[in-house]
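**Student:** Here it is: the structure, laid out below.
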Amino acid sequence: MANKRILVIGYGNTLRSDDGVGYIVACQLLHQNIPGLETIATPSLTPELSEKMAEYQRVIFVDACVNQDKLTFTRIEIPPQYPDNWLHKLTPASLLKLTQWLYHKTPDAWIMAIPAKNLDFGEQLSQYTKKQAQLAIEMLKNLPLVVGYA
């Protein structure tokens, strides 16, 4: 089976305001039916995602980040070994390592980190994070065209 094109995995806790931005971005992309782009919205990363990741050429994780003021797009490097307690708290890098180990596939993986300003209990995004989320959605919608996958 030939590898599929781009998988977007948006994750985060929607009950902690801006922390849910990755999940919210993925949900919005799900309804747009973009050729060359498949989307998964999930509250957290799970080992089961590695099976899906093995089917794709490129995987983009979308998550909130409290340590920055602008949206970033960074390539994920595969760790040489599994970190301690890696199954307790999966990261995109450890999930990529698991995909490599289980399926002998290593998709090109990236993380799109969206600035988060408010992690208080609540279900609304802050205005700043909402604007950054819209920018992320526009970038992801156009990605299949930019990389020649559409």
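Chains: A, B, ... in order of the structure tokens. Residues: from 1 per chain. Ligands: from 1, in order shown.
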Neighbouring residues of A:Gln124 were defined as those with any atom within 9 Å, considering only C-alpha atoms; residues of the same chain fewer than 5 positions away were excluded. Please report them as a ChimeraX atom specification.
**Tutor:** /A:14-18,20,130
**Student:** Hey, can you spit out that residue selection with C-alpha atoms as a short mmCIF file (atom, residue, chain, number, x, y, z; two decimals), in the first residue's frame?
**Tutor:**
```cif
data_model
loop_
_atom_site.label_atom_id
_atom_site.label_comp_id
_atom_site.auth_asym_id
_atom_site.auth_seq_id
_atom_site.Cartn_x
_atom_site.Cartn_y
_atom_site.Cartn_z
CA THR A 14 -10.51 21.56 25.77
CA LEU A 15 -11.49 22.08 29.43
CA ARG A 16 -8.34 24.13 30.06
CA SER A 17 -9.01 27.07 27.73
CA ASP A 18 -6.06 27.60 25.33
CA GLY A 20 -7.37 22.75 23.76
CA LYS A 130 -7.93 32.24 18.67
#
```
**Student:** Could you find all residues in stretch 49-138 of chain A that DSSP calls strand (DSSP E or B) from the backbone, and write them as a list in words?
**Tutor:**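 Selection result, strand (DSSP E or B) within stretch 49-138 of chain A: Tyr56, Gln57, Arg58, Val59, Ile60, Phe61, Val62, Asp63, Ala64, Cys65, Thr72, Phe73, Thr74, Arg75, Asp108, Ala109, Trp110, Ile111, Met112, Ala113, Ile114, Pro115 and Gly122 of chain A.
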**Student:** Skip stretch 41-56 of chain A itself and residues of its chain fewer than 3 positions away, then list as a ChimeraX atom specification all residues within 8 Å of it, counting only C-alpha atoms.
**Tutor:** /A:2-7,9-14,20,22-24,26-27,59,87,90-92,95-96,98-100,103,105-107
**Student:** Can you work out the spacing between atom CA of A:Leu30 and atom CA of A:Asp108 in Å, to one decimal?
**Tutor:** 21.1 Å
**Student:** Find the residues near A:Asp69: any atom within 9 Å, counting only C-alpha atoms, skip ones fewer than 3 places away on the same chain, and give them as a PyMOL selection string.
**Tutor:** chain A and resi 65-66+114-117
**Student:** Write to file, as a JSON list (two decimals), in the first residue's frame, the residues of the selection just made, with N, CA and C atoms.
**Tutor:**
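selection.json, written as the output of this step:
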```json
[["chain", "number", "residue", "atom", "x", "y", "z"],
["A", 65, "CYS", "N", 1.35, 25.83, 23.16],
["A", 65, "CYS", "CA", 2.66, 26.04, 23.78],
["A", 65, "CYS", "C", 2.63, 27.33, 24.58],
["A", 66, "VAL", "N", 2.98, 27.25, 25.86],
["A", 66, "VAL", "CA", 2.93, 28.43, 26.72],
["A", 66, "VAL", "C", 4.22, 29.24, 26.70],
["A", 114, "ILE", "N", 1.15, 26.33, 18.84],
["A", 114, "ILE", "CA", 0.33, 27.54, 18.84],
["A", 114, "ILE", "C", 0.43, 28.19, 20.23],
["A", 115, "PRO", "N", 0.74, 29.48, 20.29],
["A", 115, "PRO", "CA", 0.87, 30.14, 21.60],
["A", 115, "PRO", "C", -0.41, 30.04, 22.43],
["A", 116, "ALA", "N", -0.22, 29.70, 23.69],
["A", 116, "ALA", "CA", -1.33, 29.62, 24.64],
["A", 116, "ALA", "C", -1.09, 30.62, 25.76],
["A", 117, "LYS", "N", -2.06, 31.44, 26.03],
["A", 117, "LYS", "CA", -1.94, 32.47, 27.07],
["A", 117, "LYS", "C", -2.73, 32.14, 28.33]]
```
**Student:** Would you mind writing down, as an NGL selection string, each residue of chain A that DSSP on the backbone assigns to helix (DSSP H, G or I)?
**Tutor:** :A and (17-30 or 49-53 or 92-103 or 127-146)
**Student:** Store the residues of this selection in a file with N, CA and C atoms, as a short mmCIF file (atom, residue, chain, number, x, y, z; two decimals), in the first residue's frame.
**Tutor:**
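Ended up saving to out34.cif:
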```cif
data_model
loop_
_atom_site.label_atom_id
_atom_site.label_comp_id
_atom_site.auth_asym_id
_atom_site.auth_seq_id
_atom_site.Cartn_x
_atom_site.Cartn_y
_atom_site.Cartn_z
N SER A 17 -9.09 25.88 28.59
CA SER A 17 -9.01 27.07 27.73
C SER A 17 -8.05 26.86 26.56
N ASP A 18 -6.97 27.64 26.48
CA ASP A 18 -6.06 27.60 25.33
C ASP A 18 -5.36 26.26 25.14
N ASP A 19 -5.29 25.43 26.17
CA ASP A 19 -4.64 24.13 26.03
C ASP A 19 -5.34 23.27 24.99
N GLY A 20 -6.61 23.53 24.73
CA GLY A 20 -7.37 22.75 23.76
C GLY A 20 -7.24 23.23 22.33
N VAL A 21 -6.37 24.17 22.05
CA VAL A 21 -6.30 24.76 20.71
C VAL A 21 -5.95 23.74 19.62
N GLY A 22 -5.08 22.80 19.90
CA GLY A 22 -4.74 21.79 18.89
C GLY A 22 -5.94 20.94 18.52
N TYR A 23 -6.69 20.54 19.51
CA TYR A 23 -7.92 19.77 19.30
C TYR A 23 -8.92 20.59 18.49
N ILE A 24 -9.08 21.85 18.84
CA ILE A 24 -10.05 22.73 18.17
C ILE A 24 -9.65 22.95 16.70
N VAL A 25 -8.37 23.19 16.45
CA VAL A 25 -7.89 23.36 15.07
C VAL A 25 -8.20 22.10 14.26
N ALA A 26 -7.91 20.93 14.83
CA ALA A 26 -8.17 19.67 14.12
C ALA A 26 -9.65 19.49 13.83
N CYS A 27 -10.50 19.82 14.79
CA CYS A 27 -11.95 19.71 14.57
C CYS A 27 -12.41 20.60 13.43
N GLN A 28 -11.88 21.81 13.37
CA GLN A 28 -12.27 22.72 12.29
C GLN A 28 -11.78 22.21 10.93
N LEU A 29 -10.61 21.61 10.90
CA LEU A 29 -10.09 21.06 9.64
C LEU A 29 -10.90 19.84 9.19
N LEU A 30 -11.37 19.06 10.14
CA LEU A 30 -12.16 17.85 9.83
C LEU A 30 -13.35 18.17 8.95
N LEU A 49 -2.18 5.68 17.91
CA LEU A 49 -1.97 6.61 16.79
C LEU A 49 -0.80 6.19 15.91
N SER A 50 0.13 5.42 16.45
CA SER A 50 1.30 5.02 15.66
C SER A 50 0.90 4.18 14.45
N GLU A 51 -0.13 3.37 14.56
CA GLU A 51 -0.58 2.57 13.43
C GLU A 51 -1.05 3.48 12.29
N LYS A 52 -1.80 4.49 12.63
CA LYS A 52 -2.28 5.44 11.62
C LYS A 52 -1.12 6.24 11.03
N MET A 53 -0.18 6.65 11.89
CA MET A 53 0.96 7.43 11.43
C MET A 53 1.78 6.67 10.39
N PRO A 92 5.10 13.77 20.82
CA PRO A 92 5.19 13.48 19.39
C PRO A 92 6.46 12.71 19.03
N ALA A 93 7.59 13.04 19.65
CA ALA A 93 8.85 12.35 19.35
C ALA A 93 8.80 10.88 19.78
N SER A 94 8.26 10.60 20.97
CA SER A 94 8.20 9.20 21.40
C SER A 94 7.19 8.41 20.58
N LEU A 95 6.13 9.06 20.12
CA LEU A 95 5.16 8.39 19.25
C LEU A 95 5.78 8.09 17.88
N LEU A 96 6.60 8.98 17.39
CA LEU A 96 7.32 8.75 16.15
C LEU A 96 8.29 7.57 16.31
N LYS A 97 8.98 7.51 17.43
CA LYS A 97 9.88 6.40 17.72
C LYS A 97 9.11 5.08 17.77
N LEU A 98 7.95 5.08 18.40
CA LEU A 98 7.12 3.89 18.47
C LEU A 98 6.69 3.45 17.07
N THR A 99 6.31 4.38 16.22
CA THR A 99 5.92 4.07 14.85
C THR A 99 7.08 3.42 14.09
N GLN A 100 8.25 3.96 14.28
CA GLN A 100 9.44 3.40 13.63
C GLN A 100 9.69 1.97 14.12
N TRP A 101 9.58 1.76 15.42
CA TRP A 101 9.88 0.46 16.00
C TRP A 101 8.83 -0.59 15.60
N LEU A 102 7.54 -0.24 15.68
CA LEU A 102 6.48 -1.20 15.41
C LEU A 102 6.26 -1.48 13.92
N TYR A 103 6.34 -0.44 13.11
CA TYR A 103 5.93 -0.55 11.71
C TYR A 103 7.06 -0.34 10.71
N GLN A 127 -8.42 35.53 23.04
CA GLN A 127 -8.46 36.20 21.73
C GLN A 127 -7.16 36.00 20.97
N TYR A 128 -6.03 36.10 21.66
CA TYR A 128 -4.73 35.94 21.00
C TYR A 128 -4.57 34.53 20.43
N THR A 129 -4.89 33.54 21.23
CA THR A 129 -4.75 32.15 20.78
C THR A 129 -5.75 31.85 19.66
N LYS A 130 -6.93 32.43 19.73
CA LYS A 130 -7.93 32.24 18.67
C LYS A 130 -7.40 32.76 17.33
N LYS A 131 -6.74 33.93 17.35
CA LYS A 131 -6.16 34.48 16.12
C LYS A 131 -5.05 33.60 15.59
N GLN A 132 -4.22 33.09 16.49
CA GLN A 132 -3.13 32.19 16.08
C GLN A 132 -3.69 30.87 15.53
N ALA A 133 -4.80 30.41 16.10
CA ALA A 133 -5.44 29.18 15.61
C ALA A 133 -5.95 29.38 14.19
N GLN A 134 -6.53 30.54 13.90
CA GLN A 134 -7.00 30.81 12.54
C GLN A 134 -5.83 30.82 11.55
N LEU A 135 -4.72 31.39 11.96
CA LEU A 135 -3.52 31.38 11.12
C LEU A 135 -3.06 29.94 10.88
N ALA A 136 -3.07 29.12 11.92
CA ALA A 136 -2.66 27.71 11.79
C ALA A 136 -3.58 26.97 10.82
N ILE A 137 -4.88 27.22 10.91
CA ILE A 137 -5.83 26.56 10.02
C ILE A 137 -5.56 26.94 8.57
N GLU A 138 -5.33 28.21 8.31
CA GLU A 138 -5.04 28.64 6.93
C GLU A 138 -3.75 28.01 6.41
N MET A 139 -2.74 27.94 7.25
CA MET A 139 -1.48 27.31 6.84
C MET A 139 -1.69 25.83 6.53
N LEU A 140 -2.41 25.13 7.39
CA LEU A 140 -2.62 23.70 7.20
C LEU A 140 -3.52 23.40 6.00
N LYS A 141 -4.52 24.25 5.76
CA LYS A 141 -5.39 24.07 4.61
C LYS A 141 -4.62 24.14 3.30
N ASN A 142 -3.59 24.99 3.27
CA ASN A 142 -2.81 25.18 2.05
C ASN A 142 -1.60 24.25 1.94
N LEU A 143 -1.30 23.54 2.99
CA LEU A 143 -0.10 22.70 2.99
C LEU A 143 -0.08 21.65 1.88
N PRO A 144 -1.17 20.93 1.60
CA PRO A 144 -1.10 19.96 0.50
C PRO A 144 -0.74 20.58 -0.84
N LEU A 145 -1.17 21.82 -1.10
CA LEU A 145 -0.82 22.51 -2.33
C LEU A 145 0.65 22.91 -2.34
N VAL A 146 1.12 23.40 -1.20
CA VAL A 146 2.50 23.88 -1.10
C VAL A 146 3.50 22.75 -1.31
#
```
**Student:** Give me the residues within 6 Å of A:Met112 as a list in words, counting only C-alpha atoms and dropping any in the same chain fewer than 6 places off.
**Tutor:**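 Here the qualifying residues turn out to be Phe61, Val62, Thr72 and Phe73 of chain A.
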**Student:** Just give me the gap between atom CA of A:Asn67 and atom CA of A:Leu37 in Å, one decimal is fine.
**Tutor:**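 A separation of 28.2 Å between them.
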**Student:** Work out how far apart atom CA of A:Pro79 and atom CA of A:Glu38 are and give it in Å to one decimal.
**Tutor:**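 Going from atom CA of A:Pro79 over to atom CA of A:Glu38 covers 25.5 Å.
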**Student:** Choose the residue, out of A:Leu125, A:Leu71, A:Ile60, A:Val8, that has the smallest atom-to-atom separation from A:Ile111; count only C-alpha atoms.
**Tutor:**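 Closest to A:Ile111, using only C-alpha atoms: A:Ile60.
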